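Q: So that you have it, the file is entry-v3.txt, and it contains compact mmCIF, C-alpha atoms:
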# COMPACT_ATOMS: atom_id res chain seq x y z
CA MET B 1 305.84 19.51 70.09
CA THR B 2 307.66 21.18 72.99
CA THR B 3 306.40 23.76 75.46
CA PRO B 4 308.34 27.06 75.65
CA LYS B 5 310.61 27.65 78.62
CA PRO B 6 308.98 29.38 81.59
CA ALA B 7 309.81 32.99 82.31
CA ALA B 8 313.01 33.86 84.14
CA GLY B 9 313.15 33.85 87.93
CA PHE B 10 315.35 31.16 89.40
CA PHE B 11 313.51 30.34 92.60
CA THR B 12 310.01 30.56 91.14
CA HIS B 13 310.45 29.02 87.70
CA ARG B 14 313.59 26.84 87.86
CA ARG B 15 313.03 24.54 90.78
CA ARG B 16 314.34 21.70 88.63
CA TRP B 17 317.83 23.19 89.01
CA LEU B 18 317.45 23.23 92.78
CA VAL B 19 316.68 19.51 92.52
CA VAL B 20 319.80 19.00 90.41
CA GLY B 21 321.76 20.95 93.03
CA LEU B 22 320.58 18.60 95.78
CA LEU B 23 321.54 15.59 93.69
CA PHE B 24 324.96 17.16 93.21
CA CYS B 25 325.31 17.36 97.01
CA PHE B 26 324.38 13.67 97.31
CA SER B 27 327.19 12.78 94.93
CA VAL B 28 329.63 15.01 96.82
CA ALA B 29 328.77 13.23 100.06
CA SER B 30 329.00 9.81 98.42
CA ASN B 31 332.44 10.23 96.91
CA PHE B 32 333.82 12.14 99.86
CA ASP B 33 333.09 9.08 101.99
CA ARG B 34 334.76 6.79 99.43
CA GLN B 35 337.75 9.05 98.97
CA THR B 36 338.42 9.42 102.68
CA LEU B 37 339.76 5.87 102.76
CA SER B 38 341.80 6.45 99.59
CA VAL B 39 343.49 9.57 100.96
CA LEU B 40 344.20 7.76 104.22
CA ALA B 41 345.36 4.53 102.52
CA PRO B 42 349.12 5.09 103.16
CA THR B 43 348.37 6.14 106.76
CA LEU B 44 346.04 3.21 107.45
CA LYS B 45 348.38 0.68 105.86
CA ALA B 46 351.12 1.84 108.21
CA THR B 47 348.91 2.30 111.29
CA LEU B 48 346.79 -0.84 111.02
CA GLY B 49 349.51 -3.02 109.49
CA PHE B 50 348.40 -4.27 106.07
CA GLY B 51 349.74 -4.12 102.53
CA THR B 52 348.71 -3.39 98.95
CA VAL B 53 347.09 -6.77 98.35
CA GLU B 54 344.98 -6.45 101.53
CA TYR B 55 344.05 -2.94 100.45
CA SER B 56 342.79 -4.35 97.15
CA TYR B 57 340.53 -6.67 99.17
CA VAL B 58 339.16 -3.68 101.09
CA VAL B 59 338.46 -1.82 97.83
CA THR B 60 336.93 -4.90 96.23
CA SER B 61 334.55 -5.48 99.15
CA PHE B 62 333.01 -2.08 98.42
CA LEU B 63 332.61 -2.94 94.75
CA VAL B 64 331.09 -6.34 95.48
CA ALA B 65 328.47 -4.72 97.71
CA TYR B 66 327.99 -1.95 95.13
CA THR B 67 327.19 -4.63 92.56
CA ILE B 68 324.81 -6.47 94.87
CA GLY B 69 323.10 -3.20 95.74
CA TYR B 70 322.46 -2.38 92.11
CA VAL B 71 320.57 -5.67 91.74
CA PHE B 72 317.73 -4.34 93.88
CA ALA B 73 318.34 -0.55 94.02
CA GLY B 74 316.75 0.17 90.64
CA ARG B 75 313.66 -1.90 91.39
CA LEU B 76 313.21 -0.27 94.80
CA LEU B 77 313.63 3.22 93.32
CA ASP B 78 311.11 2.51 90.57
CA ARG B 79 308.65 1.09 93.11
CA PHE B 80 309.00 3.33 96.19
CA GLY B 81 310.29 6.53 94.60
CA VAL B 82 313.40 8.66 94.74
CA ARG B 83 312.49 10.72 97.80
CA LEU B 84 312.24 7.84 100.27
CA CYS B 85 314.98 5.62 98.86
CA LEU B 86 317.67 8.29 98.58
CA ALA B 87 316.96 9.65 102.07
CA ALA B 88 317.20 6.17 103.59
CA ALA B 89 320.33 5.31 101.60
CA LEU B 90 322.12 8.53 102.58
CA GLY B 91 321.35 8.02 106.25
CA PHE B 92 322.57 4.44 106.15
CA TRP B 93 325.85 5.02 104.33
CA THR B 94 326.65 8.09 106.46
CA VAL B 95 326.40 6.10 109.69
CA VAL B 96 328.54 3.33 108.17
CA SER B 97 331.15 5.84 107.00
CA MET B 98 331.40 7.33 110.49
CA ALA B 99 331.82 3.81 111.90
CA HIS B 100 335.09 3.47 109.94
CA ALA B 101 336.68 5.33 112.84
CA ALA B 102 336.37 2.12 114.89
CA ALA B 103 338.29 -0.02 112.37
CA ALA B 104 341.02 -2.13 113.97
CA GLY B 105 342.48 -3.81 110.86
CA TRP B 106 341.92 -4.58 107.23
CA ILE B 107 339.24 -7.22 107.95
CA SER B 108 337.05 -4.73 109.79
CA LEU B 109 337.59 -2.31 106.91
CA VAL B 110 336.39 -5.01 104.49
CA VAL B 111 333.12 -5.35 106.45
CA LEU B 112 332.56 -1.59 106.71
CA ARG B 113 333.34 -0.96 103.03
CA PHE B 114 330.90 -3.71 102.09
CA LEU B 115 328.12 -1.99 104.03
CA LEU B 116 329.11 1.38 102.57
CA GLY B 117 328.82 -0.04 99.06
CA LEU B 118 325.30 -1.31 99.71
CA GLY B 119 324.14 2.14 100.76
CA GLU B 120 325.90 4.13 98.05
CA SER B 121 324.60 1.88 95.26
CA PHE B 122 321.34 3.86 95.36
CA ASN B 123 322.88 7.23 94.56
CA THR B 124 323.52 7.13 90.81
CA PRO B 125 320.33 5.30 89.73
CA GLY B 126 318.32 7.49 92.11
CA GLY B 127 319.91 10.63 90.72
CA ILE B 128 319.35 9.64 87.09
CA LYS B 129 315.74 8.73 87.84
CA ALA B 130 315.17 12.11 89.53
CA ILE B 131 316.68 13.89 86.53
CA SER B 132 314.47 11.90 84.16
CA GLU B 133 311.47 13.10 86.21
CA TRP B 134 312.47 16.74 86.48
CA VAL B 135 314.71 17.73 83.54
CA PRO B 136 313.75 18.10 79.85
CA SER B 137 315.95 16.41 77.26
CA ARG B 138 317.65 19.55 75.99
CA GLU B 139 318.94 20.29 79.51
CA ARG B 140 319.68 16.72 80.52
CA GLY B 141 323.30 16.42 79.43
CA LEU B 142 324.35 19.31 81.67
CA SER B 143 322.16 18.02 84.52
CA VAL B 144 323.71 14.55 84.38
CA ALA B 145 327.16 16.15 84.24
CA ILE B 146 326.38 18.18 87.37
CA LEU B 147 325.19 15.03 89.14
CA ASN B 148 328.27 13.13 88.03
CA ASN B 149 330.60 15.98 88.96
CA GLY B 150 329.41 15.82 92.51
CA TYR B 151 331.60 12.73 92.70
CA VAL B 152 334.50 14.81 91.40
CA TRP B 153 333.95 17.52 93.98
CA GLY B 154 333.76 14.89 96.68
CA ALA B 155 337.28 13.87 95.71
CA ILE B 156 338.48 17.47 95.38
CA LEU B 157 337.26 18.32 98.88
CA ALA B 158 338.36 15.05 100.45
CA ALA B 159 342.09 15.39 99.73
CA PRO B 160 342.74 18.69 101.58
CA ILE B 161 340.05 18.25 104.27
CA VAL B 162 340.98 14.69 105.20
CA ALA B 163 344.68 15.52 105.15
CA PHE B 164 344.12 18.60 107.34
CA ILE B 165 341.98 16.74 109.90
CA THR B 166 344.45 13.86 110.03
CA LEU B 167 347.54 16.04 110.38
CA HIS B 168 346.03 18.38 112.99
CA LEU B 169 343.58 16.11 114.84
CA ASP B 170 343.28 12.37 114.19
CA TRP B 171 342.51 10.08 111.25
CA ARG B 172 339.41 8.75 113.02
CA LEU B 173 337.86 12.23 113.06
CA ALA B 174 338.34 12.41 109.29
CA PHE B 175 335.61 9.76 109.07
CA ILE B 176 333.37 11.19 111.79
CA LEU B 177 333.18 14.96 111.28
CA PRO B 178 331.98 15.04 107.62
CA GLY B 179 329.15 12.66 108.55
CA PHE B 180 327.26 15.39 110.39
CA VAL B 181 327.07 17.44 107.18
CA SER B 182 325.65 14.42 105.33
CA LEU B 183 322.96 13.93 107.97
CA LEU B 184 321.95 17.58 107.52
CA LEU B 185 321.70 16.96 103.77
CA MET B 186 319.40 14.00 104.42
CA VAL B 187 316.96 16.18 106.38
CA THR B 188 317.10 18.91 103.70
CA TRP B 189 316.36 16.39 100.94
CA TRP B 190 313.37 14.94 102.77
CA LYS B 191 311.83 18.38 103.22
CA ALA B 192 312.66 19.78 99.77
CA TYR B 193 312.08 16.97 97.23
CA ASP B 194 308.97 15.65 95.54
CA SER B 195 308.01 14.75 91.98
CA PRO B 196 307.08 17.65 89.65
CA GLU B 197 303.49 16.35 89.52
CA ARG B 198 303.08 16.73 93.29
CA HIS B 199 305.64 19.33 94.35
CA PRO B 200 303.82 22.12 96.25
CA ARG B 201 306.34 24.87 95.40
CA ILE B 202 306.80 24.44 91.66
CA SER B 203 305.22 27.11 89.48
CA ALA B 204 302.44 26.17 87.09
CA GLU B 205 304.57 27.34 84.16
CA GLU B 206 307.55 25.21 85.10
CA ARG B 207 305.36 22.19 85.83
CA ALA B 208 303.84 22.43 82.35
CA TYR B 209 307.29 22.89 80.77
CA VAL B 210 308.81 19.90 82.56
CA LEU B 211 305.92 17.53 81.96
CA ALA B 212 305.63 18.46 78.29
CA ASN B 213 309.31 18.11 77.44
CA ARG B 214 310.87 15.48 79.67
CA ASP B 215 309.92 12.45 77.53
CA VAL B 216 310.78 13.89 74.12
CA ALA B 217 314.00 11.87 73.74
CA ALA B 218 312.59 8.71 75.27
CA ALA B 219 309.82 8.74 72.68
CA GLY B 220 312.48 7.93 70.11
CA ALA B 221 313.99 5.07 72.07
CA ALA B 222 314.66 1.95 70.11
CA PRO B 223 311.79 -0.50 70.05
CA GLY B 224 312.49 -4.18 70.59
CA LYS B 225 312.08 -5.99 73.85
CA SER B 226 309.30 -4.77 76.10
CA PRO B 227 310.28 -1.79 78.30
CA GLY B 228 309.13 -3.91 81.24
CA ASN B 229 311.92 -6.38 80.43
CA PRO B 230 314.88 -4.20 79.52
CA LEU B 231 317.54 -6.72 80.53
CA PHE B 232 317.83 -8.29 77.06
CA HIS B 233 317.47 -5.10 75.05
CA PRO B 234 320.59 -4.75 72.86
CA LEU B 235 321.15 -1.18 73.98
CA CYS B 236 320.93 -2.19 77.65
CA ILE B 237 323.54 -4.87 77.01
CA ALA B 238 325.74 -2.31 75.26
CA PHE B 239 325.55 0.05 78.25
CA PHE B 240 326.39 -2.87 80.54
CA CYS B 241 329.49 -3.72 78.48
CA ALA B 242 330.54 -0.08 78.11
CA ARG B 243 330.48 0.50 81.84
CA PHE B 244 332.23 -2.81 82.51
CA LEU B 245 335.08 -1.52 80.38
CA THR B 246 335.23 2.13 81.45
CA ASP B 247 334.06 2.38 85.08
CA PRO B 248 337.41 0.90 86.23
CA TRP B 249 338.90 4.29 85.33
CA ALA B 250 336.66 6.03 87.86
CA TYR B 251 337.45 3.47 90.55
CA PHE B 252 341.15 3.75 89.77
CA PHE B 253 341.06 7.52 90.19
CA ASN B 254 339.17 7.24 93.47
CA PHE B 255 340.84 4.23 95.08
CA TRP B 256 344.34 3.99 93.60
CA LEU B 257 345.46 7.44 92.43
CA PRO B 258 346.57 8.65 95.90
CA ASP B 259 348.51 5.41 96.34
CA TYR B 260 350.10 5.88 92.89
CA PHE B 261 351.15 9.43 93.75
CA ALA B 262 352.53 8.32 97.12
CA GLY B 263 354.20 5.08 96.02
CA SER B 264 355.41 5.88 92.50
CA ARG B 265 355.78 9.66 92.60
CA GLY B 266 356.91 10.05 96.23
CA PHE B 267 354.07 12.32 97.43
CA SER B 268 353.77 12.85 101.20
CA LEU B 269 350.34 13.17 102.86
CA ALA B 270 350.83 16.94 102.99
CA LEU B 271 351.68 17.07 99.26
CA LEU B 272 348.65 14.88 98.48
CA GLY B 273 346.50 17.39 100.30
CA LEU B 274 348.17 20.25 98.43
CA ILE B 275 347.98 19.05 94.80
CA GLY B 276 346.38 15.58 94.83
CA TRP B 277 343.01 17.14 94.08
CA LEU B 278 344.10 18.82 90.82
CA PRO B 279 343.14 15.88 88.53
CA PHE B 280 339.70 15.91 90.11
CA LEU B 281 339.39 19.63 89.43
CA ALA B 282 340.04 18.90 85.76
CA GLY B 283 337.31 16.28 85.93
CA ASP B 284 335.02 18.97 87.28
CA ILE B 285 335.54 20.84 84.02
CA GLY B 286 335.28 17.89 81.66
CA GLY B 287 331.91 16.61 82.90
CA PRO B 288 329.84 19.82 82.77
CA GLY B 289 331.76 20.98 79.71
CA GLY B 290 331.02 17.80 77.78
CA GLY B 291 327.42 17.69 78.98
CA ALA B 292 326.79 21.35 78.16
CA LEU B 293 328.39 20.96 74.73
CA SER B 294 326.20 18.00 73.81
CA ASP B 295 323.14 19.93 75.08
CA TRP B 296 324.19 22.86 72.87
CA LEU B 297 324.38 20.52 69.88
CA VAL B 298 320.89 19.22 70.67
CA ARG B 299 319.54 22.79 70.82
CA ARG B 300 321.22 23.41 67.45
CA GLY B 301 319.13 20.63 65.93
CA ILE B 302 321.50 17.67 66.26
CA ALA B 303 319.69 14.48 67.32
CA PRO B 304 320.39 13.70 71.01
CA ARG B 305 321.95 10.31 70.23
CA ARG B 306 324.30 11.75 67.65
CA ALA B 307 325.33 14.63 69.94
CA ARG B 308 326.03 12.35 72.91
CA PHE B 309 327.91 9.81 70.78
CA GLY B 310 330.11 12.50 69.26
CA LEU B 311 331.27 13.59 72.70
CA LEU B 312 331.83 9.96 73.69
CA ALA B 313 334.14 9.57 70.70
CA ALA B 314 336.09 12.73 71.55
CA ALA B 315 336.58 11.60 75.15
CA ALA B 316 337.66 8.09 74.15
CA ALA B 317 340.32 9.51 71.83
CA LEU B 318 342.11 11.10 74.80
CA MET B 319 342.57 8.00 76.90
CA PRO B 320 345.64 6.46 75.14
CA LEU B 321 347.62 9.40 76.58
CA ALA B 322 347.77 7.28 79.76
CA ASN B 323 350.78 5.56 78.21
CA ILE B 324 352.71 8.83 78.34
CA ALA B 325 351.56 9.77 81.85
CA VAL B 326 352.91 6.65 83.49
CA ARG B 327 356.22 6.60 81.59
CA THR B 328 357.35 10.24 81.84
CA ASP B 329 359.93 11.19 84.45
CA ALA B 330 358.42 14.67 84.80
CA THR B 331 355.94 14.54 87.67
CA TRP B 332 354.26 17.78 86.58
CA LEU B 333 353.61 16.32 83.13
CA ALA B 334 352.23 13.11 84.61
CA VAL B 335 349.84 15.07 86.84
CA ALA B 336 348.79 17.27 83.89
CA ILE B 337 348.05 14.29 81.62
CA ILE B 338 346.22 12.43 84.39
CA ALA B 339 344.11 15.56 84.89
CA LEU B 340 343.29 15.59 81.17
CA LEU B 341 342.37 11.90 81.32
CA PHE B 342 340.04 12.53 84.24
CA ALA B 343 338.40 15.37 82.31
CA GLY B 344 337.91 13.00 79.38
CA HIS B 345 336.43 10.31 81.59
CA THR B 346 333.92 12.64 83.26
CA CYS B 347 332.90 13.93 79.82
CA TRP B 348 332.42 10.30 78.79
CA MET B 349 330.29 9.46 81.83
CA ALA B 350 328.10 12.56 81.54
CA ASN B 351 327.19 11.77 77.94
CA LEU B 352 326.91 8.02 78.48
CA LEU B 353 324.40 8.50 81.30
CA ALA B 354 322.51 11.17 79.36
CA LEU B 355 322.30 8.80 76.39
CA LEU B 356 321.02 6.05 78.66
CA SER B 357 318.34 8.27 80.22
CA GLU B 358 317.12 9.27 76.75
CA SER B 359 317.01 5.75 75.37
CA PHE B 360 314.39 4.18 77.66
CA PRO B 361 311.05 5.21 79.18
CA ARG B 362 311.18 6.85 82.62
CA SER B 363 309.41 3.86 84.16
CA VAL B 364 312.51 1.69 83.66
CA VAL B 365 315.34 4.24 83.66
CA ALA B 366 316.49 3.41 87.20
CA THR B 367 316.37 -0.31 86.41
CA VAL B 368 318.41 0.06 83.21
CA LEU B 369 320.85 2.35 84.99
CA SER B 370 321.27 -0.24 87.72
CA ILE B 371 321.87 -3.00 85.18
CA SER B 372 324.55 -0.94 83.46
CA ALA B 373 326.08 -0.02 86.81
CA ILE B 374 326.34 -3.69 87.72
CA GLY B 375 328.58 -3.99 84.67
CA GLY B 376 330.62 -1.04 85.94
CA SER B 377 330.96 -2.55 89.40
CA LEU B 378 331.97 -5.94 88.01
CA GLY B 379 334.58 -4.22 85.88
CA GLY B 380 335.78 -2.36 88.95
CA ILE B 381 336.03 -5.60 90.96
CA VAL B 382 338.12 -7.30 88.29
CA ALA B 383 340.29 -4.22 87.78
CA SER B 384 340.87 -3.63 91.51
CA LEU B 385 341.93 -7.23 92.18
CA LEU B 386 344.23 -7.18 89.17
CA THR B 387 345.62 -3.78 90.13
CA GLY B 388 346.58 -4.98 93.60
CA ARG B 389 348.43 -8.00 92.23
CA VAL B 390 350.06 -6.20 89.28
CA VAL B 391 351.20 -3.20 91.34
CA GLU B 392 352.66 -5.51 93.99
CA SER B 393 354.74 -7.33 91.35
CA HIS B 394 355.30 -4.91 88.47
CA GLY B 395 354.24 -1.41 89.50
CA TYR B 396 351.74 0.87 87.78
CA VAL B 397 353.05 0.88 84.20
CA PRO B 398 351.12 -2.26 83.11
CA VAL B 399 347.97 -0.92 84.79
CA PHE B 400 347.98 2.37 82.87
CA THR B 401 348.87 0.55 79.66
CA MET B 402 345.99 -1.92 79.88
CA MET B 403 343.49 0.78 80.76
CA SER B 404 344.48 3.15 77.95
CA GLY B 405 342.32 1.43 75.31
CA LEU B 406 339.19 0.63 77.32
CA HIS B 407 337.13 3.65 76.27
CA LEU B 408 337.84 3.10 72.58
CA THR B 409 336.74 -0.53 72.93
CA ALA B 410 333.53 0.57 74.68
CA LEU B 411 332.90 3.13 71.96
CA VAL B 412 332.94 0.37 69.35
CA VAL B 413 330.46 -1.68 71.38
CA ILE B 414 328.03 1.25 71.59
CA ALA B 415 328.47 2.09 67.91
CA VAL B 416 327.63 -1.46 66.85
CA VAL B 417 324.28 -1.26 68.63
CA LEU B 418 323.40 2.31 67.73
CA TYR B 419 324.37 2.26 64.06
CA ARG B 420 324.22 -1.35 62.89
CA ARG B 421 321.25 -2.91 64.67
CA ARG B 422 318.70 -0.16 64.24
CA SER B 423 315.18 -0.41 63.00
CA PRO B 424 313.80 2.34 60.68
CA ALA B 425 312.37 4.02 63.78
CA ASP B 426 315.80 4.06 65.35
CA ALA B 427 317.34 5.54 62.24
CA ALA B 428 314.90 8.41 62.37
CA ALA B 429 315.64 9.00 66.08
CA ALA B 430 319.39 9.05 65.52
Show this structure as structure tokens.

A:
Amino acid sequence: MTTPKPAAGFFTHRRRWLVVGLLFCFSVASNFDRQTLSVLAPTLKATLGFGTVEYSYVVTSFLVAYTIGYVFAGRLLDRFGVRLCLAAALGFWTVVSMAHAAAAGWISLVVLRFLLGLGESFNTPGGIKAISEWVPSRERGLSVAILNNGYVWGAILAAPIVAFITLHLDWRLAFILPGFVSLLLMVTWWKAYDSPERHPRISAEERAYVLANRDVAAAGAAPGKSPGNPLFHPLCIAFFCARFLTDPWAYFFNFWLPDYFAGSRGFSLALLGLIGWLPFLAGDIGGPGGGALSDWLVRRGIAPRRARFGLLAAAAALMPLANIAVRTDATWLAVAIIALLFAGHTCWMANLLALLSESFPRSVVATVLSISAIGGSLGGIVASLLTGRVVESHGYVPVFTMMSGLHLTALVVIAVVLYRRRSPADAAAA
């Protein structure tokens, strides 16, 4: 039985949305730091003297560290809490990002990106864990989409800001100046965040609402392996495989899309700053839109799993359009389709992460998220290394072609677990 929503009054009765807003800012800071290198890739390749293959090594070093970080990030978050771990992680990766200004070649960039990946590996599992603590199930799809769209806004802001700083000042300052904003965010987080059980500024009504409703979906999670050992749970394995297959899209958008626009479509740095952010803007619509729509379906009485899976299927159906985007001679059409693909991918991620957070108890959510994210990072490592080699020899057409069917394949993997390996309890929950 659920507790009614607290009375209106944003600052007094909806502190959970202020928490979601802070998590959004963390994601903005995280992806801004990643995207800075991507926007500057053509400049750095020319200035520091390295090529596409070496750039793939730089990108891969981040993903290797990201994978290693996920091995222990979830456990540390579950043990020491979101407040401490996210503050420490943000401070660490901000300092590392600012240190990129001292890079003298691609090898030093490899080292710095590795350290950046270690720090940023805490952001997504920490954000999902905070949402599982603060946000009831019927609001969780939108909350996860907001968290995930912080990454999109990081990319949207990075293209014009980094281009402006580089063209009018220096590329080194493009790494340094945004870091001061991130350090301010770290201080704000430390002062503003606590769990709903202990937060001194949450109203009694909202506290009761959050605590009564946050575990409704998790109560229907599939039984099987012990929640203390989620690694071998079939659904955990399915999330691992799904992210292995589909996270390469996100890494491609962040690490390779500016290079694709510059190398294959002839964009200058100024043109990248002018329109290179448009696909990310579309992603900013797809994530919250898909999350809000699945939340609306849940409020209409559709089971959370069924609502999330339906949006996953709709998003996966869009991705084969990549074959048109890479083959058309019309640049405007390519940009438009790529924008639609990014919207589909952010819709996919919002509902995939919401489904994950609703499928396991809060005590292991960060751990399961980290396990799935390891799959995503491994997929990104494989995809980035292959992309560097394939682009060097054959261009981007084979890359888009191979990636066009990944979401549909992942959808099948999830469907097999959700709808063919269920116990009677699972059937009732779905």

Q: Counting all atoms listed in the file, what is within 9 Å of Leu183 in chain B, bar same-chain residues fewer than 2 positions away, as an NGL selection string?

A: :B and (90-91 or 94-95 or 179-181 or 185-188)

Q: Which residue is closest to Leu84 in chain B? Choose from B:Gly126, B:Gly49, B:Pro248, B:Gly395 and count all atoms listed in the file.

A: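 Smallest separation from Leu84 in chain B among the options: B:Gly126.
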
Q: If we count all atoms listed in the file, what is near range 166-174 of chain B at a cut-off of 8 Å, once residues fewer than 6 positions away on the same chain are taken out, given as a PyMOL selection string?

A: chain B and resi 36+40+100-102

Q: Just want the 10 Å neighbourhood of Leu44 in chain B, counted on all atoms listed in the file, with same-chain residues fewer than 4 positions away dropped. Output as an NGL selection string.

A: :B and (37-40 or 48-51 or 55 or 103-106 or 171)

Q: Identify, on the basis of all atoms listed in the file, every residue whose closest approach to Phe62 in chain B does not exceed 10 Å; exclude the query and any residue fewer than 3 positions from it along the same chain; express the result as a ChimeraX atom specification.

A: /B:34,57-59,65-68,109-118,120-121,377,380-381

Q: CA of Ile237 in chain B and CA of Val417 in chain B are how many Å apart?

A: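 Separation between CA of Ile237 in chain B and CA of Val417 in chain B: 9.2 Å.
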
Q: Tell me, as a PDB file with C-alpha atoms, in the coordinates of the input, which residues lie within 10 Å of Gly276 in chain B, counting only C-alpha atoms; anything in the same chain fewer than 3 positions away does not count.

A:
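File produced: result_5.pdb:
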ATOM      1  CA  VAL B  39     343.490   9.570 100.960  1.00  0.00           C
ATOM      2  CA  ALA B 155     337.280  13.870  95.710  1.00  0.00           C
ATOM      3  CA  ILE B 156     338.480  17.470  95.380  1.00  0.00           C
ATOM      4  CA  ALA B 158     338.360  15.050 100.450  1.00  0.00           C
ATOM      5  CA  ALA B 159     342.090  15.390  99.730  1.00  0.00           C
ATOM      6  CA  PRO B 160     342.740  18.690 101.580  1.00  0.00           C
ATOM      7  CA  LEU B 257     345.460   7.440  92.430  1.00  0.00           C
ATOM      8  CA  PRO B 258     346.570   8.650  95.900  1.00  0.00           C
ATOM      9  CA  PHE B 261     351.150   9.430  93.750  1.00  0.00           C
ATOM     10  CA  ALA B 262     352.530   8.320  97.120  1.00  0.00           C
ATOM     11  CA  PHE B 267     354.070  12.320  97.430  1.00  0.00           C
ATOM     12  CA  LEU B 269     350.340  13.170 102.860  1.00  0.00           C
ATOM     13  CA  ALA B 270     350.830  16.940 102.990  1.00  0.00           C
ATOM     14  CA  LEU B 271     351.680  17.070  99.260  1.00  0.00           C
ATOM     15  CA  LEU B 272     348.650  14.880  98.480  1.00  0.00           C
ATOM     16  CA  GLY B 273     346.500  17.390 100.300  1.00  0.00           C
ATOM     17  CA  PRO B 279     343.140  15.880  88.530  1.00  0.00           C
ATOM     18  CA  PHE B 280     339.700  15.910  90.110  1.00  0.00           C
ATOM     19  CA  LEU B 281     339.390  19.630  89.430  1.00  0.00           C
ATOM     20  CA  VAL B 335     349.840  15.070  86.840  1.00  0.00           C
TER      21      VAL B 335
END

Q: Have a look at B:Leu147, B:Ala322, B:Ala87, B:Ala46 and name the one nearest to Gly127 in chain B; count all atoms listed in the file.

A: B:Leu147

Q: Nearest to Arg79 in chain B among B:Ala41, B:Ala307, B:Leu157, B:Val364, with distances taken over only C-alpha atoms: which residue is it?

A: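 Closest residue, counting only C-alpha atoms: B:Val364.
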
Q: Could you check which of B:Leu18, B:Leu352, B:Leu341, B:Ile107 is closest to Tyr193 in chain B, using only C-alpha atoms?

A: B:Leu18

Q: Pick the closest to Ser268 in chain B from B:Ala330, B:Ala415, B:Ala314, B:Ala163: which is it, counting only C-alpha atoms?

A: B:Ala163

Q: Please report the interatomic distance between CA of Asp329 in chain B and CA of Cys347 in chain B in Å with one decimal.

A: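 Going from CA of Asp329 in chain B over to CA of Cys347 in chain B covers 27.6 Å.
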
Q: To one decimal place, how far is CA of Gly405 in chain B from CA of Leu385 in chain B in Å?

A: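 Spanning CA of Gly405 in chain B to CA of Leu385 in chain B is a straight-line distance of 19.0 Å.
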
Q: Taking all atoms listed in the file into account, name the residue in B:Val19, B:Leu408, B:Val390, B:Ala334 that is nearest to Leu318 in chain B.

A: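 For Leu318 in chain B, the nearest of the given residues is B:Leu408.
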
Q: Could you list as a ChimeraX atom specification every residue that has an atom within 10 Å of (328.8, -1.1, 71.1), using the file's coordinates and counting all atoms listed in the file?

A: /B:234-235,237-242,409-420
